[in-house]
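Asks: To be precise about what I am sending: the file is called protein.txt and holds compact mmCIF, C-alpha atoms.
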# COMPACT_ATOMS: atom_id res chain seq x y z
CA MET A 18 186.01 20.02 78.75
CA LYS A 19 183.57 17.99 76.60
CA TRP A 20 180.61 19.69 78.27
CA ILE A 21 181.72 23.30 77.66
CA LEU A 22 180.50 23.52 74.04
CA PRO A 23 177.05 21.94 74.69
CA LEU A 24 176.63 24.17 77.75
CA ALA A 25 177.56 27.25 75.72
CA LEU A 26 175.07 26.28 72.99
CA LEU A 27 172.33 25.69 75.56
CA SER A 28 173.04 29.06 77.14
CA LEU A 29 172.92 30.79 73.74
CA SER A 30 169.67 29.01 72.88
CA LEU A 31 168.02 30.03 76.15
CA SER A 32 169.24 33.59 75.74
CA SER A 33 167.79 33.76 72.23
CA SER A 34 164.42 32.35 73.25
CA CYS A 35 164.19 34.75 76.20
CA GLN A 36 165.16 37.63 73.95
CA GLY A 37 162.43 36.62 71.51
CA GLN A 38 159.83 36.70 74.28
CA SER A 39 161.07 40.07 75.39
CA ASP A 40 160.74 41.44 71.85
CA GLU A 41 157.23 39.94 71.65
CA ASN A 42 156.27 41.68 74.89
CA LYS A 43 157.71 44.95 73.63
CA LYS A 44 155.51 44.71 70.53
CA LYS A 45 152.44 44.46 72.76
CA THR A 46 153.33 47.68 74.56
CA VAL A 47 154.43 49.80 71.61
CA MET A 48 152.67 53.06 72.04
CA LYS A 49 152.13 56.11 69.92
CA PRO A 50 151.02 58.82 72.33
CA LYS A 51 148.39 61.26 71.07
CA VAL A 52 150.36 64.17 72.55
CA GLN A 53 153.76 64.35 70.89
CA LYS A 54 156.19 67.11 71.77
CA SER A 55 159.89 67.65 71.37
CA ASP A 56 162.20 67.26 74.34
CA ALA A 57 162.69 71.05 74.34
CA GLU A 58 158.91 71.61 74.50
CA TRP A 59 158.57 69.21 77.46
CA LYS A 60 161.45 70.94 79.27
CA GLN A 61 159.81 74.32 78.74
CA GLU A 62 156.36 73.22 79.93
CA LEU A 63 157.25 71.01 82.90
CA SER A 64 159.04 71.78 86.15
CA GLN A 65 162.46 70.15 86.54
CA GLU A 66 160.99 67.47 88.84
CA GLU A 67 158.01 66.79 86.54
CA TYR A 68 160.35 66.48 83.57
CA HIS A 69 162.65 64.09 85.45
CA ILE A 70 159.75 61.83 86.43
CA LEU A 71 157.47 62.03 83.40
CA ARG A 72 160.06 62.13 80.62
CA GLN A 73 163.08 60.36 82.20
CA ALA A 74 161.24 57.73 84.30
CA GLY A 75 162.55 59.17 87.54
CA THR A 76 160.98 58.86 90.97
CA GLU A 77 160.48 61.14 93.93
CA ARG A 78 161.76 60.26 97.38
CA PRO A 79 159.19 58.30 99.39
CA GLY A 80 156.90 60.35 101.61
CA THR A 81 157.80 63.68 99.97
CA GLY A 82 155.11 64.06 97.29
CA GLN A 83 152.28 66.55 97.76
CA TYR A 84 149.58 63.93 97.09
CA TYR A 85 151.00 61.13 99.25
CA MET A 86 148.53 61.69 102.11
CA HIS A 87 146.02 63.76 100.14
CA PHE A 88 142.41 62.55 100.27
CA GLU A 89 140.15 65.34 98.96
CA ASP A 90 137.30 64.62 96.55
CA GLY A 91 138.37 65.05 92.96
CA ALA A 92 140.37 63.70 90.04
CA TYR A 93 144.10 63.15 89.59
CA ARG A 94 145.29 64.19 86.13
CA CYS A 95 148.54 63.63 84.27
CA ALA A 96 150.82 66.62 84.94
CA GLY A 97 152.05 66.37 81.33
CA CYS A 98 148.77 66.43 79.41
CA GLN A 99 145.91 66.72 81.93
CA ALA A 100 144.33 63.35 81.05
CA VAL A 101 142.24 62.02 83.96
CA LEU A 102 144.05 59.01 85.42
CA PHE A 103 142.63 58.34 88.90
CA THR A 104 139.94 59.62 91.26
CA ASN A 105 139.83 60.00 95.02
CA GLU A 106 137.48 56.98 95.13
CA GLN A 107 140.36 54.75 93.98
CA LYS A 108 142.94 56.21 96.40
CA PHE A 109 143.91 54.47 99.63
CA LYS A 110 146.48 54.74 102.42
CA SER A 111 149.23 52.30 101.54
CA HIS A 112 152.01 53.76 103.72
CA CYS A 113 154.48 52.94 100.93
CA GLY A 114 155.62 56.56 100.46
CA TRP A 115 153.76 57.37 97.25
CA PRO A 116 150.12 58.05 96.39
CA SER A 117 148.40 54.70 95.87
CA PHE A 118 145.31 53.77 93.92
CA ASP A 119 143.56 50.42 93.47
CA ASN A 120 142.27 51.13 89.98
CA VAL A 121 142.37 53.67 87.14
CA ALA A 122 139.65 56.13 86.19
CA ASP A 123 139.54 54.67 82.68
CA ASN A 124 141.25 51.54 81.37
CA GLU A 125 142.29 53.47 78.26
CA ALA A 126 144.08 56.12 80.36
CA ILE A 127 147.25 54.14 81.02
CA ILE A 128 149.69 51.78 79.36
CA GLN A 129 151.53 49.11 81.30
CA ARG A 130 154.85 47.62 80.31
CA GLU A 131 157.56 45.47 81.84
CA ASP A 132 160.33 47.37 83.61
CA ARG A 133 163.56 45.50 84.40
CA SER A 134 165.49 48.49 85.71
CA MET A 135 167.22 48.65 89.08
CA GLY A 136 167.65 44.86 89.24
CA MET A 137 163.90 44.23 89.60
CA VAL A 138 161.03 43.11 87.41
CA ARG A 139 158.11 45.49 87.78
CA THR A 140 155.21 46.80 85.75
CA GLU A 141 155.67 50.41 84.72
CA VAL A 142 152.61 52.64 84.36
CA LEU A 143 152.58 55.32 81.65
CA CYS A 144 150.02 57.88 80.55
CA ALA A 145 148.41 56.58 77.36
CA ASN A 146 147.83 60.12 76.13
CA CYS A 147 151.37 61.57 76.37
CA GLY A 148 153.58 58.58 77.24
CA GLY A 149 154.70 60.09 80.55
CA HIS A 150 156.09 57.78 83.24
CA LEU A 151 153.73 57.76 86.23
CA GLY A 152 155.07 55.03 88.48
CA HIS A 153 154.47 51.28 88.86
CA VAL A 154 151.63 48.88 89.64
CA PHE A 155 151.98 45.96 92.03
CA GLU A 156 149.69 43.02 92.77
CA ASP A 157 149.75 43.48 96.54
CA GLY A 158 146.91 45.93 97.07
CA PRO A 159 144.58 45.52 100.05
CA THR A 160 141.28 46.00 98.18
CA GLU A 161 139.28 43.57 96.05
CA THR A 162 141.25 44.57 92.92
CA GLY A 163 144.47 43.36 94.54
CA LEU A 164 146.29 46.21 92.77
CA ARG A 165 148.43 49.04 94.11
CA TYR A 166 149.19 51.74 91.56
CA CYS A 167 152.17 53.45 93.19
CA ILE A 168 152.30 56.84 91.45
CA ASN A 169 154.66 59.81 91.75
CA SER A 170 152.93 62.98 93.01
CA ALA A 171 154.98 65.06 90.58
CA ALA A 172 153.40 63.13 87.70
CA LEU A 173 149.95 64.27 88.85
CA ASP A 174 147.83 67.39 89.06
CA PHE A 175 144.71 67.41 91.22
CA GLU A 176 141.31 68.80 90.21
CA PRO A 177 139.01 69.22 93.22
CA GLY A 178 135.53 67.72 92.94
CA LYS A 179 132.52 69.94 92.49
Could you show the structure in this file as C-alpha cells?

Replies:
Amino acid sequence: MKWILPLALLSLSLSSSCQGQSDENKKKTVMKPKVQKSDAEWKQELSQEEYHILRQAGTERPGTGQYYMHFEDGAYRCAGCQAVLFTNEQKFKSHCGWPSFDNVADNEAIIQREDRSMGMVRTEVLCANCGGHLGHVFEDGPTETGLRYCINSAALDFEPGK
C-alpha cells in the first residue's frame, strides 16, 4: 500500500512529460493551408471518396486505387488543389496496395505529422497547399532514400507528361 501513492505520482509525471512533448511536436506541424474552404465547399467540389480521404483522413482499400499500378510519364497532383506532389520518376512498385513514391516533387509540397490513430504510430502526409490527407510515409522503402510514401489514389490526379 505504501508504494501506491509514489507509483501514481510517477505515472502522472510521466504522462505530463509525454503530453508536453506531444504538444511540442504539434506546434512544429501547425499548418495554415494556402487554400482554405468551408466544409460545404469541399463537399461540393470533391467526390464522396475524395472528400472522405482528403478531408476526413480516410483510406481506400488496398489494391483498388486507379494509380496503384499506374506508371505513365507525368505528375501526380493533389486532387483537392492540384498542387504537384509526386512525379512518375519517384514512383515504384511496392506491392503494398497503394501508389508508392520514394520522394516528393518538392519538399515544400507536403507536411508530415505524427499520427497515432488505429493503435499505431505513423507519419501522416498532408498537402501543404490545402491540408488534405494524402496517406503516410514509412522508412522501409527499397531505394536510396529509404522512404515509401504510401498515398491514396483518390487523393491524386494525374497529369500526363508532354

Asks: Counting all atoms listed in the file, figure out which residue out of A:Ala122, A:Leu102, A:Leu164, A:Ala92 gets nearest to A:Cys147.

Replies: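 Closest to A:Cys147, using all atoms listed in the file: A:Leu102.
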
Asks: Counting all atoms listed in the file, I want the residues whose atoms come within 12 Å of (157.8, 61.6, 83.0) in the file frame, returned as an MDAnalysis selection string.

Replies: chainID A and resid 56 59:60 63:77 95:98 141:144 147:152 168:173

Asks: Would you work out the distance separating atom CA of A:His153 from atom CA of A:Cys167, expressed in Å to one decimal?

Replies: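 Straight-line distance from atom CA of A:His153 to atom CA of A:Cys167 works out to 5.4 Å.
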
Asks: Can you tell me, as a short mmCIF file (atom, residue, chain, number, x, y, z; two decimals) with C-alpha atoms, in the frame of the given file, which residues sit within 6 Å of (141.6, 64.3, 89.5) in the file's frame, using only C-alpha atoms?

Replies:
data_model
loop_
_atom_site.label_atom_id
_atom_site.label_comp_id
_atom_site.auth_asym_id
_atom_site.auth_seq_id
_atom_site.Cartn_x
_atom_site.Cartn_y
_atom_site.Cartn_z
CA GLY A 91 138.37 65.05 92.96
CA ALA A 92 140.37 63.70 90.04
CA TYR A 93 144.10 63.15 89.59
CA ARG A 94 145.29 64.19 86.13
CA THR A 104 139.94 59.62 91.26
CA PHE A 175 144.71 67.41 91.22
CA GLU A 176 141.31 68.80 90.21
#

Asks: Hey, what's within 12 Å of A:Thr162 if we count all atoms listed in the file and toss same-chain stuff fewer than 5 positions away? As a count of residues only, please?

Replies: 9

Asks: Work out how far atom CA of A:Gly178 is from atom CA of A:His87, in Å to one decimal.

Replies: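 Atom CA of A:Gly178 lies at a distance of 13.3 Å from atom CA of A:His87.
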
Asks: Distance atom CA of A:Met86-atom CA of A:Cys113, one decimal place?

Replies: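 Atom-to-atom, atom CA of A:Met86 and atom CA of A:Cys113 are spaced 10.6 Å apart.
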
Asks: Just the residues within 10 Å of A:Phe88, please, counting all atoms listed in the file, with nothing from its chain fewer than 5 positions along; format it as a list in words.

Replies: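 My list of contacting residues is Thr104, Asn105, Glu106, Lys108, Phe109, Lys110 and Pro116 of chain A.
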